[in-house]
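*Asks:* Sharing a structure with you now.
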Amino acid sequence: MAQLELFIQTIISGFLLGGLYALIGLGMALIMGVMRIINLAHGDIMMIAMYIAYGLFIFLGIDPYISVFIAAPTLFLFGVGVQKYLLTPVMKVESILPHNLVIMTVGIAMVLSNLATVFFTGNYRSIPVNYASSAWYLTDIWKNSPIELSLSMPWTLSFVIAVIITIGLWIFLSKTDTGKSIRATAQDLDAALLMGVNVDRLRNLTFGLGCALVACAGCLFIPIYYLYPSLGKQFTNIGFVITVIGGMGSTNGAVIGGLILGIFESVTATYIGMGWAPVGRFAIFIAALVFLPGGVASILRRKRLGK
Amino acid sequence: MIRLRIIMLSCFISFFTINAFAQDTLKLGIPLPLTGTNAKFGEIEKKSYEIAQDEINSKGGIKGKKIVLEFEDSQGKPEISRSIVERLIDKKQPVIFGEYSSSSSKAIAAVAEERKTPYLVVTGATDDITQQNYKYVFRMNPSNAYYATGFMSFLKAVVKPKSIAILYESSDFGTSGAEDMVNQAQKDGIKVLVKEQYEKGAVDFKPILSKVKAAKPDVIYMVSYVMDAALLMRQIKELRIDTNLYAGGAAGFAIPEFIENAKEASALVVTATLWSPQVKYSGAKEFAEKYKKLYKDYPSYHGAEAYSALYIIKDVLERAKSWKPDDIRSAFKSTNLMTAFGPVKFVDKEGYTNQNFMDSIVMQVIDGKHETIWPAKYASAKYVYPIPKWKDRK
């Protein structure tokens with residue numbers, strides 16, 4: 001029984017973690033699809049959103065879940081600005097290095113994390129919300145349950161909001177004209193250009209949207225985690241791994257990739273050892289590159305064509 | 001021209017008066033890391049030495065001489081500490097004390113022994129500094145292997161556990177802390193059921209915590225920095241892992257930020273530490289409050305060590321027959337002093353020479369505050385044990 005309880009609890013935490021990971025991966029995959037670059041400033045943009053939510057809570061007492069509605073639009077504008085004034089000009093410069101855009105994002109990441117260190121010092125901070133360690137328990141609902149399972153309130157709340165945002169994005173991408181143009185650009189840039197899609201405008205929009213998504217992820221992480229200026233790298237790595245598992249640039253793939261990574265990490269932690277989680281993360285990353293270069297997206301596509 | 005002469009004259013006069021004044025002062029050079037990575041600790045110690053200096057001087061100094069401390073920056077590098085101390089000995093300073101890190105303290109100890117000048121180690125904790133039969137080296141702080149003695153005696157006397165689970169971060173600090181605990185546990189016949197490491201900065205500890213829950217240990221012992229410590233306790237509360245005791249190995253669990261971040265999940269968590277601002281040693285609280293008033297923050301145990309070190313030096317120099325190295329050495333040997341850091345006595349045992357053995361203390365979070373609970377005679381509050389199950393807590 002204890003083993004069953006352990007297994008179910010592991011899967012639950014993996015699933016919740018995966019949902020949040022997916023939101024980080026989504027933004028990165030979206031940018032990857034349209035721009036064809038890995039945005040290595042992704043985690044640092046998330047860090048900025050977390051500091052915004054932190055500031056709002058400390059000075060105005062705004063709950064981090066409500067800060068989503070403030071941090072996301074702010075970072076959207078930030079992302080549009082970065083694309084318009086920093087990335088687009090770089091794109092137009094001829095250079096020996098094919099990926100100076102990626103180098104640009106690394107530069108942005110460094111500037112952001114150093115600025116945060118200057119303004120907020122290197123100290124660890126967290127928002128002491130009252131519900132931080134509240135949870136629902138199986139035995140509270142079902143008195144004679146043979147096993148005890150728990151469901152953390154902030155984790156579940158964050159997960160549910162992440163799912164809502166993901167569904168919202170999916171509707172936007174598949175039902176609206178702008179969304180369709182984004183997908184079209186991701187699939188075939190030249191064709192989209194020929195069809196009259198304003199690619200420059202779309203790039204601004206996409207980068208902004210990617211930033212807004214990771215800003216949401218930042219706000220959702222605050223009640224369950226903490227923040228410090230150099231936390232970005234860790235989440236950039238996670239986003240990168242998810243994007244690769246999901247199949248470079250596929251948003252559906254990113255969602256599944258996030259869930260896979262979350263569950264994989266939890267299971268590794270329980271049955272092999274938590275010290276192995278980072279190793280496992282990169283093992284799955286390499287395995288995906290070698291055995292499934294197209295990622296989860298290639299499987300999805302094959303299924304659809306098979307029908 | 002006249003003005004120049006006056007200036008020169010006044011220079012001469014002041015030179016002589018300073019010289020005359022100097023006979024009533026005792027200059028003591030202290031090597032400390034004031035720049036570099038350890039600078040933060042050097043700073044805390046410097047401030048604490050200065051507080052002690054003012055107190056001693058306002059009460060007449062040492063044998064009527066006012067103390068003048070001169071801090072010398074070692075940058076945390078052993079070779080620089082070494083040359084500073086060479087210079088101090090050349091200047092005939094009767095006794096050497098100070099430095100922060102183990103490696104610098106070790107370098108100084110070697111010089112002091114070679115030049116036959118007594119040296120008081122204040123914070124260097126590596127075991128072997130006082131295990132080399134040095135005759136002139138004395139250490140006031142417990143060595144690394146003894147950091148957890150207070151906690152172990154609390155376990156043996158109160159909790160009497162049969163099994164333990166150890167969680168630690170995968171760094172030098174975490175691994176050595178966990179290894180020490182495993183050794184101590186084996187010595188006392190406590191079974192180690194789970195020993196798991198984690199990567200610092202992890203988000204979700206629930207998988208390994210579920211594993212701990214399934215193993216049902218009597219005690220959970222964690223070696224972590226503050227944010228991981230807070231997350232661990234929060235998730236332990238979430239999963240309702242009931243054990244007889246939740247314990248932390250100093251560091252992250254022993255500072256106020258732990259309580260701020262873990263909130264009610266931090267209640268009744270026990271942690272080992274060397275010193276705390278509210279421990280019932282005479283002078284400890286006064287020192288802590290004075291430090292807080294001046295620098296807006298409570299000092300860490302390093303501060304208490306530095307503050308007390310100067311009092312030990314005062315005590316030794318006052319009792320020594322003369323200020324020749326051998327007389328100072330025998331005065332050190334017969335030290336029996338109660339300081340703000342705790343009782344100080346230099347003894348030879350268990351392979352150590354001139355080592356001060358003291359019980360490290362144990363704190364527990366009671367009503368949202370760290371209280372010293374062990375050893376019982378220095379406690380600021382009675383320990384709460386057994387602790388209630390999570391289900392029964394509000």
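Note on naming: chains are A, B, ... as they come in the structure tokens, residues start from 1 per chain, ligands start from 1 in the order shown.
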Distance limit 6 Å, atoms considered: only C-alpha atoms. Which chain A residues sit that close to chain B? Return them as a VMD selection string.
*Replies:* chain A and resid 2 6 10 128 133 135 150 266 269 to 270 274 to 275
*Asks:* Run DSSP on the backbone of this structure and report the residues of segment 134-208 of chain A it assigns to alpha helix (DSSP H), as an MDAnalysis selection string.
*Replies:* chainID A and resid 138:141 153:175 177:187 189:194 199:208
*Asks:* Determine, counting only C-alpha atoms, which protein, DNA and RNA residues have an atom within 10 Å of an atom of segment 305-314 of chain B; residues of the same chain fewer than 6 positions away are not included. Present the result as number ranges by chain.
*Replies:* B: 42, 44-53, 55-56, 61-63, 67, 95-100, 120-123, 139-141, 274-275, 283-284, 287, 328, 332, 335-342, 344
*Asks:* Compile the contact shell of Ile284 of chain A as a compact mmCIF listing (two decimals) with N, CA and C atoms, in the first residue's frame: residues with an atom at most 9 Å away, counting only C-alpha atoms, same-chain residues fewer than 3 positions apart removed.
*Replies:*
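File written: result26.txt
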# COMPACT_ATOMS: atom_id res chain seq x y z
N VAL A 241 15.16 22.39 -22.93
CA VAL A 241 14.96 20.94 -22.98
C VAL A 241 13.54 20.63 -23.46
N ILE A 245 12.37 18.45 -26.69
CA ILE A 245 11.53 17.25 -26.59
C ILE A 245 10.26 17.45 -27.40
N LEU A 261 8.61 15.97 -19.10
CA LEU A 261 9.77 16.33 -18.29
C LEU A 261 9.41 16.34 -16.80
N PHE A 264 8.90 12.80 -15.62
CA PHE A 264 10.19 12.12 -15.66
C PHE A 264 11.06 12.51 -14.47
N VAL A 279 20.81 15.27 -14.17
CA VAL A 279 21.43 14.35 -15.12
C VAL A 279 20.35 13.76 -16.01
N GLY A 280 19.25 13.33 -15.37
CA GLY A 280 18.15 12.74 -16.11
C GLY A 280 17.59 13.70 -17.14
N ARG A 281 17.50 14.97 -16.74
CA ARG A 281 16.96 16.00 -17.63
C ARG A 281 17.77 16.06 -18.92
N ALA A 287 18.61 12.05 -25.65
CA ALA A 287 17.85 10.95 -26.23
C ALA A 287 16.86 11.49 -27.25
N ALA A 288 16.20 12.60 -26.92
CA ALA A 288 15.22 13.18 -27.84
C ALA A 288 15.90 13.61 -29.14
N LEU A 289 17.08 14.23 -29.00
CA LEU A 289 17.79 14.70 -30.20
C LEU A 289 18.20 13.54 -31.10
*Asks:* What's around Ser250 of chain A at 7 Å? Count only C-alpha atoms, leave out sequence neighbours fewer than 4 positions away in its own chain, and write the answer as JSON, numbers by chain.
*Replies:* {"A": [29, 33, 246, 254, 297]}
*Asks:* Excluding same-chain residues fewer than 4 positions from Leu26 of chain A, what lies within 9 Å of it counting only C-alpha atoms, as number ranges by chain?
*Replies:* A: 21-22, 30-31, 166, 210, 213-214, 239, 242-243, 249-255, 258
